[in-house]
Structures are given as structure tokens and as C-alpha cells.
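Listing of entry.cif; format and content: mmCIF, N, CA, C and O atoms.
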data_work
loop_
_atom_site.group_PDB
_atom_site.id
_atom_site.type_symbol
_atom_site.label_atom_id
_atom_site.label_comp_id
_atom_site.auth_asym_id
_atom_site.auth_seq_id
_atom_site.Cartn_x
_atom_site.Cartn_y
_atom_site.Cartn_z
ATOM 1 N N MET A 24 21.950 -3.494 -14.874
ATOM 2 C CA MET A 24 20.565 -3.059 -14.865
ATOM 3 C C MET A 24 19.642 -4.173 -15.347
ATOM 4 O O MET A 24 18.577 -4.359 -14.805
ATOM 5 N N THR A 25 20.081 -4.899 -16.349
ATOM 6 C CA THR A 25 19.251 -5.964 -16.895
ATOM 7 C C THR A 25 19.033 -7.070 -15.870
ATOM 8 O O THR A 25 17.936 -7.611 -15.760
ATOM 9 N N SER A 26 20.078 -7.391 -15.094
ATOM 10 C CA SER A 26 19.933 -8.459 -14.114
ATOM 11 C C SER A 26 18.938 -8.064 -13.020
ATOM 12 O O SER A 26 18.193 -8.911 -12.524
ATOM 13 N N TYR A 27 18.909 -6.786 -12.661
ATOM 14 C CA TYR A 27 17.947 -6.318 -11.657
ATOM 15 C C TYR A 27 16.518 -6.490 -12.156
ATOM 16 O O TYR A 27 15.643 -6.949 -11.428
ATOM 17 N N VAL A 28 16.291 -6.148 -13.412
ATOM 18 C CA VAL A 28 14.960 -6.276 -13.998
ATOM 19 C C VAL A 28 14.553 -7.741 -14.059
ATOM 20 O O VAL A 28 13.404 -8.092 -13.763
ATOM 21 N N LEU A 29 15.484 -8.618 -14.419
ATOM 22 C CA LEU A 29 15.180 -10.041 -14.476
ATOM 23 C C LEU A 29 14.886 -10.607 -13.086
ATOM 24 O O LEU A 29 13.974 -11.426 -12.919
ATOM 25 N N LYS A 30 15.641 -10.167 -12.080
ATOM 26 C CA LYS A 30 15.383 -10.616 -10.717
ATOM 27 C C LYS A 30 14.020 -10.129 -10.240
ATOM 28 O O LYS A 30 13.276 -10.865 -9.591
ATOM 29 N N LEU A 31 13.693 -8.890 -10.541
ATOM 30 C CA LEU A 31 12.406 -8.331 -10.143
ATOM 31 C C LEU A 31 11.263 -9.067 -10.836
ATOM 32 O O LEU A 31 10.253 -9.397 -10.209
ATOM 33 N N GLY A 32 11.428 -9.363 -12.119
ATOM 34 C CA GLY A 32 10.417 -10.117 -12.847
ATOM 35 C C GLY A 32 10.273 -11.531 -12.313
ATOM 36 O O GLY A 32 9.161 -12.048 -12.173
ATOM 37 N N GLY A 33 11.397 -12.160 -12.006
ATOM 38 C CA GLY A 33 11.362 -13.503 -11.430
ATOM 39 C C GLY A 33 10.680 -13.526 -10.077
ATOM 40 O O GLY A 33 9.910 -14.439 -9.772
ATOM 41 N N ALA A 34 10.952 -12.506 -9.264
ATOM 42 C CA ALA A 34 10.305 -12.418 -7.953
ATOM 43 C C ALA A 34 8.799 -12.215 -8.107
ATOM 44 O O ALA A 34 8.008 -12.791 -7.349
ATOM 45 N N ALA A 35 8.386 -11.412 -9.081
ATOM 46 C CA ALA A 35 6.960 -11.189 -9.309
ATOM 47 C C ALA A 35 6.269 -12.473 -9.760
ATOM 48 O O ALA A 35 5.160 -12.790 -9.307
ATOM 49 N N ILE A 36 6.907 -13.230 -10.634
ATOM 50 C CA ILE A 36 6.336 -14.494 -11.097
ATOM 51 C C ILE A 36 6.254 -15.487 -9.941
ATOM 52 O O ILE A 36 5.251 -16.190 -9.779
ATOM 53 N N LEU A 37 7.292 -15.543 -9.120
ATOM 54 C CA LEU A 37 7.297 -16.439 -7.967
ATOM 55 C C LEU A 37 6.188 -16.066 -6.990
ATOM 56 O O LEU A 37 5.497 -16.948 -6.462
ATOM 57 N N LEU A 38 6.000 -14.780 -6.752
ATOM 58 C CA LEU A 38 4.938 -14.324 -5.867
ATOM 59 C C LEU A 38 3.563 -14.677 -6.430
ATOM 60 O O LEU A 38 2.664 -15.077 -5.687
ATOM 61 N N LEU A 39 3.401 -14.553 -7.729
ATOM 62 C CA LEU A 39 2.141 -14.921 -8.371
ATOM 63 C C LEU A 39 1.866 -16.416 -8.206
ATOM 64 O O LEU A 39 0.746 -16.813 -7.835
ATOM 65 N N PHE A 40 2.861 -17.253 -8.451
ATOM 66 C CA PHE A 40 2.690 -18.692 -8.280
ATOM 67 C C PHE A 40 2.397 -19.047 -6.824
ATOM 68 O O PHE A 40 1.564 -19.916 -6.546
ATOM 69 N N ALA A 41 3.070 -18.393 -5.889
ATOM 70 C CA ALA A 41 2.820 -18.662 -4.474
ATOM 71 C C ALA A 41 1.386 -18.288 -4.106
ATOM 72 O O ALA A 41 0.724 -19.005 -3.344
ATOM 73 N N GLY A 42 0.886 -17.194 -4.644
ATOM 74 C CA GLY A 42 -0.494 -16.792 -4.386
ATOM 75 C C GLY A 42 -1.492 -17.768 -4.961
ATOM 76 O O GLY A 42 -2.500 -18.103 -4.318
ATOM 77 N N VAL A 43 -1.231 -18.250 -6.162
ATOM 78 C CA VAL A 43 -2.136 -19.231 -6.782
ATOM 79 C C VAL A 43 -2.138 -20.531 -5.984
ATOM 80 O O VAL A 43 -3.195 -21.114 -5.720
ATOM 81 N N ILE A 44 -0.959 -20.985 -5.579
ATOM 82 C CA ILE A 44 -0.869 -22.219 -4.798
ATOM 83 C C ILE A 44 -1.576 -22.049 -3.449
ATOM 84 O O ILE A 44 -2.315 -22.942 -3.010
ATOM 85 N N ALA A 45 -1.385 -20.917 -2.796
ATOM 86 C CA ALA A 45 -2.056 -20.667 -1.515
ATOM 87 C C ALA A 45 -3.571 -20.619 -1.696
ATOM 88 O O ALA A 45 -4.324 -21.143 -0.870
ATOM 89 N N PHE A 46 -4.032 -20.012 -2.785
ATOM 90 C CA PHE A 46 -5.468 -19.939 -3.033
ATOM 91 C C PHE A 46 -6.050 -21.324 -3.272
ATOM 92 O O PHE A 46 -7.125 -21.657 -2.779
ATOM 93 N N VAL A 47 -5.330 -22.147 -4.015
ATOM 94 C CA VAL A 47 -5.815 -23.504 -4.291
ATOM 95 C C VAL A 47 -5.837 -24.338 -3.013
ATOM 96 O O VAL A 47 -6.799 -25.055 -2.741
ATOM 97 N N LEU A 48 -4.788 -24.236 -2.207
ATOM 98 C CA LEU A 48 -4.709 -25.045 -0.993
ATOM 99 C C LEU A 48 -5.716 -24.603 0.063
ATOM 100 O O LEU A 48 -6.334 -25.425 0.736
ATOM 101 N N PHE A 49 -5.864 -23.291 0.242
ATOM 102 C CA PHE A 49 -6.702 -22.771 1.324
ATOM 103 C C PHE A 49 -7.998 -22.146 0.826
ATOM 104 O O PHE A 49 -8.687 -21.477 1.585
ATOM 105 N N GLY A 50 -8.362 -22.357 -0.423
ATOM 106 C CA GLY A 50 -9.543 -21.735 -1.002
ATOM 107 C C GLY A 50 -10.825 -22.084 -0.286
ATOM 108 O O GLY A 50 -11.664 -21.207 -0.019
ATOM 109 N N ASN A 51 -11.016 -23.345 0.038
ATOM 110 C CA ASN A 51 -12.241 -23.758 0.725
ATOM 111 C C ASN A 51 -12.331 -23.168 2.128
ATOM 112 O O ASN A 51 -13.406 -22.785 2.576
ATOM 113 N N ILE A 52 -11.215 -23.107 2.812
ATOM 114 C CA ILE A 52 -11.205 -22.532 4.164
ATOM 115 C C ILE A 52 -11.553 -21.051 4.098
ATOM 116 O O ILE A 52 -12.368 -20.558 4.883
ATOM 117 N N TRP A 53 -10.942 -20.326 3.148
ATOM 118 C CA TRP A 53 -11.205 -18.900 3.040
ATOM 119 C C TRP A 53 -12.643 -18.628 2.632
ATOM 120 O O TRP A 53 -13.236 -17.640 3.040
ATOM 121 N N ALA A 54 -13.216 -19.498 1.828
ATOM 122 C CA ALA A 54 -14.606 -19.318 1.430
ATOM 123 C C ALA A 54 -15.540 -19.498 2.627
ATOM 124 O O ALA A 54 -16.580 -18.839 2.705
ATOM 125 N N ARG A 55 -15.184 -20.351 3.554
ATOM 126 C CA ARG A 55 -16.036 -20.597 4.727
ATOM 127 C C ARG A 55 -15.922 -19.483 5.761
ATOM 128 O O ARG A 55 -16.921 -19.078 6.348
ATOM 129 N N VAL A 56 -14.723 -19.028 6.042
ATOM 130 C CA VAL A 56 -14.545 -18.043 7.112
ATOM 131 C C VAL A 56 -14.666 -16.608 6.614
ATOM 132 O O VAL A 56 -14.833 -15.698 7.406
ATOM 133 N N GLY A 57 -14.543 -16.394 5.321
ATOM 134 C CA GLY A 57 -14.710 -15.053 4.774
ATOM 135 C C GLY A 57 -13.390 -14.413 4.414
ATOM 136 O O GLY A 57 -12.326 -14.796 4.895
ATOM 137 N N ILE A 58 -13.477 -13.427 3.547
ATOM 138 C CA ILE A 58 -12.283 -12.747 3.061
ATOM 139 C C ILE A 58 -11.646 -11.892 4.155
ATOM 140 O O ILE A 58 -10.429 -11.727 4.198
ATOM 141 N N GLY A 59 -12.450 -11.364 5.073
ATOM 142 C CA GLY A 59 -11.901 -10.558 6.168
ATOM 143 C C GLY A 59 -10.973 -11.364 7.054
ATOM 144 O O GLY A 59 -9.883 -10.913 7.416
ATOM 145 N N ALA A 60 -11.399 -12.575 7.392
ATOM 146 C CA ALA A 60 -10.554 -13.446 8.217
ATOM 147 C C ALA A 60 -9.299 -13.847 7.460
ATOM 148 O O ALA A 60 -8.220 -13.958 8.050
ATOM 149 N N ALA A 61 -9.425 -14.056 6.152
ATOM 150 C CA ALA A 61 -8.252 -14.406 5.348
ATOM 151 C C ALA A 61 -7.244 -13.265 5.348
ATOM 152 O O ALA A 61 -6.036 -13.483 5.463
ATOM 153 N N ILE A 62 -7.735 -12.028 5.230
ATOM 154 C CA ILE A 62 -6.842 -10.865 5.253
ATOM 155 C C ILE A 62 -6.161 -10.753 6.615
ATOM 156 O O ILE A 62 -4.964 -10.452 6.702
ATOM 157 N N VAL A 63 -6.893 -11.017 7.684
ATOM 158 C CA VAL A 63 -6.309 -10.962 9.029
ATOM 159 C C VAL A 63 -5.223 -12.011 9.187
ATOM 160 O O VAL A 63 -4.144 -11.740 9.721
ATOM 161 N N VAL A 64 -5.486 -13.223 8.705
ATOM 162 C CA VAL A 64 -4.496 -14.305 8.830
ATOM 163 C C VAL A 64 -3.252 -13.990 8.012
ATOM 164 O O VAL A 64 -2.119 -14.126 8.497
ATOM 165 N N VAL A 65 -3.429 -13.557 6.767
ATOM 166 C CA VAL A 65 -2.276 -13.251 5.913
ATOM 167 C C VAL A 65 -1.511 -12.048 6.460
ATOM 168 O O VAL A 65 -0.276 -12.052 6.523
ATOM 169 N N GLY A 66 -2.225 -11.013 6.883
ATOM 170 C CA GLY A 66 -1.564 -9.836 7.461
ATOM 171 C C GLY A 66 -0.807 -10.176 8.733
ATOM 172 O O GLY A 66 0.310 -9.712 8.953
ATOM 173 N N GLY A 67 -1.405 -11.005 9.568
ATOM 174 C CA GLY A 67 -0.730 -11.437 10.790
ATOM 175 C C GLY A 67 0.520 -12.252 10.493
ATOM 176 O O GLY A 67 1.538 -12.097 11.166
ATOM 177 N N GLY A 68 0.437 -13.100 9.489
ATOM 178 C CA GLY A 68 1.614 -13.870 9.093
ATOM 179 C C GLY A 68 2.730 -12.990 8.579
ATOM 180 O O GLY A 68 3.906 -13.201 8.903
ATOM 181 N N LEU A 69 2.365 -11.967 7.794
ATOM 182 C CA LEU A 69 3.388 -11.042 7.295
ATOM 183 C C LEU A 69 4.011 -10.234 8.425
ATOM 184 O O LEU A 69 5.227 -10.001 8.437
ATOM 185 N N LEU A 70 3.208 -9.799 9.384
ATOM 186 C CA LEU A 70 3.752 -9.072 10.536
ATOM 187 C C LEU A 70 4.681 -9.957 11.363
ATOM 188 O O LEU A 70 5.738 -9.504 11.827
ATOM 189 N N LEU A 71 4.306 -11.217 11.555
ATOM 190 C CA LEU A 71 5.151 -12.143 12.301
ATOM 191 C C LEU A 71 6.471 -12.380 11.584
ATOM 192 O O LEU A 71 7.539 -12.388 12.209
ATOM 193 N N PHE A 72 6.413 -12.526 10.264
ATOM 194 C CA PHE A 72 7.623 -12.708 9.473
ATOM 195 C C PHE A 72 8.527 -11.471 9.572
ATOM 196 O O PHE A 72 9.736 -11.587 9.774
ATOM 197 N N ALA A 73 7.948 -10.278 9.440
ATOM 198 C CA ALA A 73 8.730 -9.045 9.519
ATOM 199 C C ALA A 73 9.345 -8.878 10.903
ATOM 200 O O ALA A 73 10.498 -8.446 11.033
ATOM 201 N N TRP A 74 8.603 -9.204 11.957
ATOM 202 C CA TRP A 74 9.130 -9.099 13.314
ATOM 203 C C TRP A 74 10.314 -10.039 13.504
ATOM 204 O O TRP A 74 11.329 -9.666 14.095
ATOM 205 N N ASN A 75 10.200 -11.263 12.982
ATOM 206 C CA ASN A 75 11.272 -12.243 13.120
ATOM 207 C C ASN A 75 12.532 -11.790 12.376
ATOM 208 O O ASN A 75 13.648 -11.895 12.903
ATOM 209 N N VAL A 76 12.370 -11.274 11.166
ATOM 210 C CA VAL A 76 13.521 -10.795 10.393
ATOM 211 C C VAL A 76 14.173 -9.608 11.098
ATOM 212 O O VAL A 76 15.398 -9.520 11.203
ATOM 213 N N ASP A 77 13.359 -8.688 11.620
ATOM 214 C CA ASP A 77 13.896 -7.524 12.325
ATOM 215 C C ASP A 77 14.639 -7.940 13.589
ATOM 216 O O ASP A 77 15.690 -7.393 13.914
ATOM 217 N N ARG A 78 14.120 -8.917 14.299
ATOM 218 C CA ARG A 78 14.770 -9.396 15.524
ATOM 219 C C ARG A 78 16.145 -9.981 15.212
ATOM 220 O O ARG A 78 17.118 -9.733 15.924
ATOM 221 N N LYS A 79 16.232 -10.734 14.099
ATOM 222 C CA LYS A 79 17.521 -11.312 13.711
ATOM 223 C C LYS A 79 18.503 -10.228 13.284
ATOM 224 O O LYS A 79 19.697 -10.301 13.600
ATOM 225 N N GLU A 80 18.038 -9.218 12.575
ATOM 226 C CA GLU A 80 18.920 -8.129 12.157
ATOM 227 C C GLU A 80 19.417 -7.328 13.357
ATOM 228 O O GLU A 80 20.568 -6.909 13.395
ATOM 229 N N ARG A 81 18.559 -7.096 14.331
ATOM 230 C CA ARG A 81 18.994 -6.376 15.537
ATOM 231 C C ARG A 81 20.035 -7.177 16.304
ATOM 232 O O ARG A 81 20.953 -6.608 16.893
ATOM 233 N N ALA A 82 19.890 -8.487 16.320
ATOM 234 C CA ALA A 82 20.873 -9.333 17.012
ATOM 235 C C ALA A 82 22.228 -9.252 16.314
ATOM 236 O O ALA A 82 23.271 -9.263 16.972
ATOM 237 N N LYS A 83 22.227 -9.155 14.988
ATOM 238 C CA LYS A 83 23.487 -9.021 14.251
ATOM 239 C C LYS A 83 24.177 -7.694 14.555
ATOM 240 O O LYS A 83 25.390 -7.616 14.616
ATOM 241 N N ARG A 84 23.392 -6.624 14.729
ATOM 242 C CA ARG A 84 23.960 -5.292 14.948
ATOM 243 C C ARG A 84 24.106 -4.944 16.421
ATOM 244 O O ARG A 84 24.300 -3.787 16.772
ATOM 245 N N ALA A 85 24.019 -5.915 17.291
ATOM 246 C CA ALA A 85 23.975 -5.654 18.737
ATOM 247 C C ALA A 85 25.194 -4.887 19.232
ATOM 248 O O ALA A 85 25.073 -3.981 20.041
ATOM 249 N N GLY A 86 26.389 -5.204 18.777
ATOM 250 C CA GLY A 86 27.583 -4.573 19.324
ATOM 251 C C GLY A 86 28.131 -3.434 18.496
ATOM 252 O O GLY A 86 29.201 -2.904 18.807
ATOM 253 N N ILE A 87 27.432 -3.001 17.482
ATOM 254 C CA ILE A 87 27.968 -1.978 16.586
ATOM 255 C C ILE A 87 28.071 -0.621 17.283
ATOM 256 O O ILE A 87 29.011 0.139 17.040
ATOM 257 N N ASP A 88 27.153 -0.284 18.168
ATOM 258 C CA ASP A 88 27.169 1.031 18.819
ATOM 259 C C ASP A 88 28.372 1.214 19.741
ATOM 260 O O ASP A 88 28.789 2.342 19.977
ATOM 261 N N GLU A 89 28.942 0.136 20.234
ATOM 262 C CA GLU A 89 30.073 0.245 21.153
ATOM 263 C C GLU A 89 31.418 0.378 20.422
ATOM 264 O O GLU A 89 32.435 0.565 21.063
ATOM 265 N N LEU A 90 31.420 0.259 19.113
ATOM 266 C CA LEU A 90 32.677 0.369 18.376
ATOM 267 C C LEU A 90 33.171 1.815 18.393
ATOM 268 O O LEU A 90 32.386 2.753 18.377
ATOM 269 N N PRO A 91 34.485 2.020 18.424
ATOM 270 C CA PRO A 91 35.011 3.412 18.426
ATOM 271 C C PRO A 91 34.804 4.080 17.081
ATOM 272 O O PRO A 91 34.787 3.440 16.032
ATOM 273 N N ARG A 92 34.628 5.404 17.124
ATOM 274 C CA ARG A 92 34.472 6.193 15.896
ATOM 275 C C ARG A 92 35.795 6.309 15.174
ATOM 276 O O ARG A 92 36.846 6.413 15.798
ATOM 277 N N ILE A 93 35.754 6.311 13.864
ATOM 278 C CA ILE A 93 36.993 6.425 13.071
ATOM 279 C C ILE A 93 37.101 7.831 12.542
ATOM 280 O O ILE A 93 36.209 8.420 12.064
#

Starting from the coordinates I provided, produce the structure as C-alpha cells.
Amino acid sequence: MTSYVLKLGGAAILLLFAGVIAFVLFGNIWARVGIGAAIVVVGGGLLLFAWNVDRKERAKRAGIDELPRI
């Protein structure tokens, strides 16, 4: 249980650092185009990432339905 909490805390800290780094790198661009465009870009990137991960998982499970029942 303790290791799960530490992993979750580590992931939260990593996500916070990634957000700060992204804000510093792209802050001027987001200030020019607006927060709405920034949300669209980030949301689109997350959807693209999720689609890619799902596509890879489906490719791994491609032949599972043809296996005989036990």
C-alpha cells in the first residue's frame, strides 16, 4: 500500500513539473493566442495520445477472440 501511495505522489509531482515546464516554454505563445486555443491544443494532444495507446492495445489483443474457450 505504501508503494502505491509513493508512486501516486511521484506521478503527481512529475505532472506538476511537466506543467510548469510547459507553461514556461509555451507561455508567450499561449498568451498571444488565448487560453481557449491552449485548451484546444492540449486537449487535442491528449486525445491523440489516447487514440495511439488504444490502437496499440487493440493490436496486441487482435487474436484473443479466436482462442478456444477453456

Item to complete: Can you work out the spacing between atom O of Phe40 (chain A) and CA of Ala73 (chain A) in Å, to one decimal?
Response: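 One can read the atom O of Phe40 (chain A) to CA of Ala73 (chain A) distance as 20.7 Å.
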
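Atom pair CA of Ala61 (chain A) / atom O of Ala45 (chain A) has a distance of 10.0 Å (rounded to one decimal).
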
Response to the item:
Expressed in Å, the length from CA of Lys79 (chain A) to CA of Gly66 (chain A) is 20.1 Å

Around all the atoms of region 45-62 of chain A listed in the file, with 3 Å of room on each side, what axis-aligned box do you get, giving centre and edge lengths in Å to one decimal, as lines of an AutoDock Vina configuration file?
center_x = -9.2
center_y = -17.9
center_z = 2.0
size_x = 21.5
size_y = 21.0
size_z = 18.5

Mind filling out region 75-86 of chain A with all heavy atoms and sending it as an mmCIF file, in the frame of the given file?
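Below is the file that was written, selection_3.cif:
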data_model
loop_
_atom_site.group_PDB
_atom_site.id
_atom_site.type_symbol
_atom_site.label_atom_id
_atom_site.label_comp_id
_atom_site.auth_asym_id
_atom_site.auth_seq_id
_atom_site.Cartn_x
_atom_site.Cartn_y
_atom_site.Cartn_z
ATOM 1 N N ASN A 75 10.200 -11.263 12.982
ATOM 2 C CA ASN A 75 11.272 -12.243 13.120
ATOM 3 C C ASN A 75 12.532 -11.790 12.376
ATOM 4 O O ASN A 75 13.648 -11.895 12.903
ATOM 5 C CB ASN A 75 10.796 -13.603 12.607
ATOM 6 C CG ASN A 75 11.748 -14.709 12.966
ATOM 7 O OD1 ASN A 75 12.539 -14.580 13.888
ATOM 8 N ND2 ASN A 75 11.684 -15.795 12.241
ATOM 9 N N VAL A 76 12.370 -11.274 11.166
ATOM 10 C CA VAL A 76 13.521 -10.795 10.393
ATOM 11 C C VAL A 76 14.173 -9.608 11.098
ATOM 12 O O VAL A 76 15.398 -9.520 11.203
ATOM 13 C CB VAL A 76 13.090 -10.430 8.958
ATOM 14 C CG1 VAL A 76 14.186 -9.688 8.227
ATOM 15 C CG2 VAL A 76 12.702 -11.686 8.195
ATOM 16 N N ASP A 77 13.359 -8.688 11.620
ATOM 17 C CA ASP A 77 13.896 -7.524 12.325
ATOM 18 C C ASP A 77 14.639 -7.940 13.589
ATOM 19 O O ASP A 77 15.690 -7.393 13.914
ATOM 20 C CB ASP A 77 12.762 -6.563 12.663
ATOM 21 C CG ASP A 77 13.269 -5.289 13.301
ATOM 22 O OD1 ASP A 77 14.142 -4.635 12.695
ATOM 23 O OD2 ASP A 77 12.800 -4.950 14.410
ATOM 24 N N ARG A 78 14.120 -8.917 14.299
ATOM 25 C CA ARG A 78 14.770 -9.396 15.524
ATOM 26 C C ARG A 78 16.145 -9.981 15.212
ATOM 27 O O ARG A 78 17.118 -9.733 15.924
ATOM 28 C CB ARG A 78 13.878 -10.450 16.178
ATOM 29 C CG ARG A 78 14.353 -10.937 17.511
ATOM 30 C CD ARG A 78 13.359 -11.888 18.133
ATOM 31 N NE ARG A 78 13.123 -13.060 17.307
ATOM 32 C CZ ARG A 78 13.840 -14.182 17.383
ATOM 33 N NH1 ARG A 78 14.834 -14.275 18.228
ATOM 34 N NH2 ARG A 78 13.551 -15.217 16.605
ATOM 35 N N LYS A 79 16.232 -10.734 14.099
ATOM 36 C CA LYS A 79 17.521 -11.312 13.711
ATOM 37 C C LYS A 79 18.503 -10.228 13.284
ATOM 38 O O LYS A 79 19.697 -10.301 13.600
ATOM 39 C CB LYS A 79 17.329 -12.318 12.586
ATOM 40 C CG LYS A 79 16.664 -13.590 13.035
ATOM 41 C CD LYS A 79 16.489 -14.556 11.887
ATOM 42 C CE LYS A 79 15.786 -15.819 12.325
ATOM 43 N NZ LYS A 79 15.594 -16.743 11.205
ATOM 44 N N GLU A 80 18.038 -9.218 12.575
ATOM 45 C CA GLU A 80 18.920 -8.129 12.157
ATOM 46 C C GLU A 80 19.417 -7.328 13.357
ATOM 47 O O GLU A 80 20.568 -6.909 13.395
ATOM 48 C CB GLU A 80 18.190 -7.208 11.172
ATOM 49 C CG GLU A 80 17.997 -7.804 9.807
ATOM 50 C CD GLU A 80 19.311 -8.040 9.087
ATOM 51 O OE1 GLU A 80 20.225 -7.205 9.197
ATOM 52 O OE2 GLU A 80 19.428 -9.090 8.431
ATOM 53 N N ARG A 81 18.559 -7.096 14.331
ATOM 54 C CA ARG A 81 18.994 -6.376 15.537
ATOM 55 C C ARG A 81 20.035 -7.177 16.304
ATOM 56 O O ARG A 81 20.953 -6.608 16.893
ATOM 57 C CB ARG A 81 17.802 -6.090 16.434
ATOM 58 C CG ARG A 81 16.961 -4.964 15.928
ATOM 59 C CD ARG A 81 15.896 -4.608 16.918
ATOM 60 N NE ARG A 81 15.009 -3.597 16.362
ATOM 61 C CZ ARG A 81 14.132 -2.947 17.062
ATOM 62 N NH1 ARG A 81 14.003 -3.186 18.359
ATOM 63 N NH2 ARG A 81 13.369 -2.054 16.493
ATOM 64 N N ALA A 82 19.890 -8.487 16.320
ATOM 65 C CA ALA A 82 20.873 -9.333 17.012
ATOM 66 C C ALA A 82 22.228 -9.252 16.314
ATOM 67 O O ALA A 82 23.271 -9.263 16.972
ATOM 68 C CB ALA A 82 20.376 -10.773 17.063
ATOM 69 N N LYS A 83 22.227 -9.155 14.988
ATOM 70 C CA LYS A 83 23.487 -9.021 14.251
ATOM 71 C C LYS A 83 24.177 -7.694 14.555
ATOM 72 O O LYS A 83 25.390 -7.616 14.616
ATOM 73 C CB LYS A 83 23.242 -9.101 12.747
ATOM 74 C CG LYS A 83 22.995 -10.469 12.215
ATOM 75 C CD LYS A 83 22.828 -10.401 10.708
ATOM 76 C CE LYS A 83 22.404 -11.705 10.112
ATOM 77 N NZ LYS A 83 22.168 -11.593 8.668
ATOM 78 N N ARG A 84 23.392 -6.624 14.729
ATOM 79 C CA ARG A 84 23.960 -5.292 14.948
ATOM 80 C C ARG A 84 24.106 -4.944 16.421
ATOM 81 O O ARG A 84 24.300 -3.787 16.772
ATOM 82 C CB ARG A 84 23.039 -4.236 14.304
ATOM 83 C CG ARG A 84 22.917 -4.355 12.820
ATOM 84 C CD ARG A 84 22.152 -3.183 12.251
ATOM 85 N NE ARG A 84 20.974 -2.831 13.016
ATOM 86 C CZ ARG A 84 19.716 -3.102 12.680
ATOM 87 N NH1 ARG A 84 19.474 -3.750 11.573
ATOM 88 N NH2 ARG A 84 18.707 -2.723 13.430
ATOM 89 N N ALA A 85 24.019 -5.915 17.291
ATOM 90 C CA ALA A 85 23.975 -5.654 18.737
ATOM 91 C C ALA A 85 25.194 -4.887 19.232
ATOM 92 O O ALA A 85 25.073 -3.981 20.041
ATOM 93 C CB ALA A 85 23.830 -6.960 19.510
ATOM 94 N N GLY A 86 26.389 -5.204 18.777
ATOM 95 C CA GLY A 86 27.583 -4.573 19.324
ATOM 96 C C GLY A 86 28.131 -3.434 18.496
ATOM 97 O O GLY A 86 29.201 -2.904 18.807
#
